[in-house]
Every structure is written in C-alpha cells, then in structure tokens.
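Peer 1: I have a structure here, written as structure tokens, and I will follow up with some questions on it.
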Amino acid sequence: MDIAFIIEKLILISAILGISLVIAMYTTLAERKFAGFFQDRVGPNRAGPWGLLQPLADGVKLFTKEEIIPTHASTFLFVLGPSLSMFTACITTAVIPWGQDLFLFGRQISLQVADINVGVLYVFGVVSLGVYGVMIGGWASNNKFSLLAAVRSASQNISYEIAMGLSIIALLMMTGTLSLREISEQQSGMNWNVFYQPLGFLIFMICSFAETNRTPFDLPECETELVGGHHTEYSSMKLGFYLFAEYINMFVSSAIMASLYFGGYNYPFMHLISNPNIAALIGVAVFFTKILLFIFFFIWVRWTVPRFRYDQLMKLGWKVLIPLAIVNIALTGTGILIFGK
Amino acid sequence: MSHSLFYLLSFITLFFALLVVFAKNPIHSALYMVMTFFAITCQYLILNAQFLAIVNFIVYMGAIMVLILFSIMFLNLNQATEPQKSSLLKFAGVISAGLLMLTLVGAILKTGGGDVPFELIKPDIGLVKNLGKVLFNEFLLPFEIASVLLLSAMVGAVLLAKKDIN
C-alpha cells in the first residue's frame, strides 16, 4: 500500500466528513427558515446576513452551556449514548460513491472511500447499530420518560428496518449487485431505478423517514407524551450531538436514496463531455443537488404533515409497508421473468 | 499478519465473553455481549466471509441484542428482588460448566486440530456471489426447509404470545 493512496484516502475522508458536517449544520438553518416560510414568518435573521451565522451561534451556545449528568445515571453509558449516535451517523458515508473517478497527477482517484461488495448491507448494519445510541442514552439517564422513549424508538427502528430491507430486495433483484458503485454505474443516462421501482422507492423513502426519526415519525421525541424523548436528561453539547446526528442521518439517507434510485452522480448527456475530470466534477455537483432536493423534501414534509400516533405507526409499518414490499418483490420477479430485466 | 490478528481478536472475543459472565449489571452484560459479537464479526472478515460478517452484524448485533436489551431494561433487576441461588447450586453450576469445557477441549484435541489456525479450502466461498450460488444450487432443499422452519417458529411465537385464542 503506497503513501499516495493513504494520503488520497485521508483527504477524501476529511473532505466528506467536513462536507457532511457543514451540510448538516446549514440544514438546521434551512429547516428554521423554511418553517418560517411555511408559517408565514421571517425565521432566524439576527445572526449575520439573512441569519447565516445562526448555526455557529447555536453551536457556541450548546458548547458553553453547563453540562449536567444526573446523579443516579451511569456516567460512562450516559456519555457513550450521544457519542455512538454521532459516530454511526458519520460512518455511513464511507460506501457512498460521490462521483466518477478523477484523473489527477497521473493517478486514478476514486471518489468513494471504500468500494466493498456488500455496500448496501453495510448501510443496513450501521443503521441497525444506530439504535444503540438512543437505547443506551435513554437507559443511562435513569428517567422513566427517557427509557420509554428509547424503547419506543428502538421498536420503531427495528420494525421499519424490515420493510426497508424488503423494499431493497426488489431493487437488488434488478441490479444483481450489492455494491453501491455498480448500482450507480448501471443507472447512467436516464436509466434511473426509480422508473422501474416506483413502489420500492416509496416504501424505502417512508422507511428512511422513520429511521431518521423525522416527522411524521418523530415519536422518539414526542414532546406531548414524553417530555423530550430519550434526550430529556441531556444538556449542553451531548444534547447537541443527538440533535445534530439526526441532521447528518438526513443527509446520509438523502445520499443513499439519490444513489440507489435517482441515478447517483449520473446526469443526461454525460457521455458528450470529453474531459473525464470535468464530467466527474459536474457529476458530483449533480449528486449534491439531488441530495439537497431530498433534504428539502424532508423539511417540507416536516412542516406539512402532523405526527402519527404510536399504534398508527406500528400498523403502517407491519400491516401496510411489509406486505406491500413483499408484493413488490413478487411483481419485480414477474417483471424480470417476462421482460428479462 | 493474519495469524497475529486472529489471536488478538480471539483474545478480545474471550475477554468480552468473560465480562458478560462477570459483570454485575445485566445491562452491562448485554453490552459486553454486543462487543463479543462485534469481535466475532471481525473474525468472519479475516476468513474473507463478508456476507456472513455483515449478516452477523445486522442480525445479532443490530436486532437480537437490541431485543435482549429491551427485555432487560423492563425487568428492573435489583439485588433485593432478584431470587438468589444457594451456594450449593452455584457450586454445582461451576462443576458442570467445567466438565463441559473438559469435554469440548477433549473433542477438539481428538479431531486433531493442530497448532495451525484453520485454513479455508476455497477462500472465496464467503463472498455474496459464491455463497448465493452454493446455497441456491447445491443446498436448495435444506435452505428452503430451514426457512420454512424459521417461519413456522415465528408463527408459533406469535400464537403463544396472543392472550386469547378463539
């Protein structure tokens, strides 16, 4: 393994981490701005021009607040909870292909941290690990409301993981690979998977809303029933980590939806651009545009649709989405049999 | 490289497995078990069994351990309410576990496992493609029967959990 390879990967990892943090930071501002727009208000506009410094101000506020650890809480686990949430939110980006290969300094540089051939399953693994952050935090707080919220959240995530996995199976039957890079490559031109798998995409998207704990599935922090959810006892930056991890998750799931169903870094007339570097850079820009559109959709839904009740949530997950996903698998199988992919 | 990694991971696995037994708090026990499963996942990766590794990760670490944590969190185990075993029972438990270990060690020695860690005959068998082909060609019937068995177990569990069966 040569030094250049390691440096290249280090730069890529730092850049991706930085970009996802910055995007998550400004998503908080965008969310409040759009909330203002939807409710006919102005939204935050005090810190900097158009409120652009608001995320920084929030960050400083969270960092300088007093840190409180409840007396009977288990200290190590109490700190581990938010750290785990943040960690799992950040590591999913490793398998996402951000663009085509670049050719710089006589080297072919891949814009993907790791092209493992079980990429899709890796994403699922990390998603299932994310439950621990919430559960450990909720239990370690030594608070009834936190514990109830943690348990509710964990059962929500596990329930929707099943439907999510089943909706992906139909897609994998068509693509025949688990590598996110190959799935992206297969969608070149306007050959996007969403045209072949509209139902699968719908199920996958609903499940991503549930997995990221976004409205209408934000039951883990349902204020009306649970005070503040699993992070009731948290203050300062530990609370900030929980809230911030949600925005990173939103970014990551937007990226995964874009690369699985909406063509990833592909755009029409891509093959007409002769310089591979310029084509790749436009691809990256296109990919990020798609991601931002998805993030906007997340925000749009949050300020439009009210929260589900808990029994409605479970009914939707188990009695509607899972059967639908199985029907989708059967339909896809029939389609492949008749049309030969 | 691979050998020393194997021994390191085995040490980590056994270390956390022992902590599962010795931890006072059942929640800590469950969390150590998660770490044990994680170390086992890494063992699979060394064997180049990516699919098995990631499935172990998703199913055992992600689903089963969450459910175990779930039930422990609701149990509210305290020293006062927990039924204490008599020392005679504990002693008997230690002896039977020791005997089990003796049997296992004897069995392993009998099979002739030398000082060399196990080498795979087909090193690529663990990749998704190869594993899928083997499962759906050579072992199709056992595979389907196993899945039906799992399904029936699940239906049975749901039936048992229902309070009123009409």
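In the structure tokens, the first chain shown is A, the next is B, and so on; residue numbers restart at 1 for each chain, and ligands run from 1 in the order shown.
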Compute the chain A side of the contact with chain B at 12 Å, counting only C-alpha atoms, and hand it back as a PyMOL selection string.

Peer 2: chain A and resi 74+76-77+80+116-136+138-140+142-144+146-162+165+176-179

Peer 1: Can you pull out every residue within 12 Å of A:Arg107, counting only C-alpha atoms, but drop anything in the same chain fewer than 5 positions away, and send it as a PyMOL selection string?

Peer 2: chain A and resi 4-5+8+101-102+277

Peer 1: Please give the complete set of residues from stretch 23-156 of chain B that DSSP, run on the backbone, assigns to alpha helix (DSSP H), formatted as a VMD selection string.

Peer 2: chain B and resid 26 to 46 50 to 55 65 to 75 87 to 110 128 to 137 140 to 156

Peer 1: I'd like the interatomic distance between atom CA of A:Phe251 and atom CA of A:Thr28, to a tenth of an Å.

Peer 2: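 Atom-to-atom, atom CA of A:Phe251 to atom CA of A:Thr28, that is 11.4 Å.
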
Peer 1: For a test of reading the model, state the distance in Å between atom CA of A:Met314 and atom CA of A:His230, rounded to one decimal.

Peer 2: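 So the answer is 19.0 Å.
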
Peer 1: Report as a tab-separated table (two decimals) with C-alpha atoms, in the first residue's frame all protein, DNA and RNA residues lying within 10 Å of A:Arg309, evaluated on only C-alpha atoms, omitting residues in the same chain fewer than 6 positions from it.

Peer 2:
```
chain	number	residue	atom	x	y	z
A	216	PRO	CA	-44.38	12.26	10.71
A	217	PHE	CA	-42.48	9.52	12.56
A	219	LEU	CA	-42.24	9.62	18.05
A	222	CYS	CA	-42.81	13.18	21.09
A	315	LYS	CA	-49.90	-0.55	11.92
```

Peer 1: Using only C-alpha atoms, determine which residues lie at most 12 Å from A:Ala330, disregarding the query and same-chain residues fewer than 3 positions distant; provide the list as a list in words.

Peer 2: Leu166, Ser167, Ile169, Ala170, Leu171, Met173, Gly200, Pro323, Leu324, Ala325, Ile326, Val327, Gly333, Thr334, Gly335, Ile336 and Leu337 of chain A

Peer 1: Can you pull out the residues contacting stretch 6-20 of chain B? Cut-off 7 Å, using only C-alpha atoms, and skip same-chain residues under 5 positions away; I want them as a PyMOL selection string.

Peer 2: chain B and resi 29-30+32-33+35-36+39-40+43
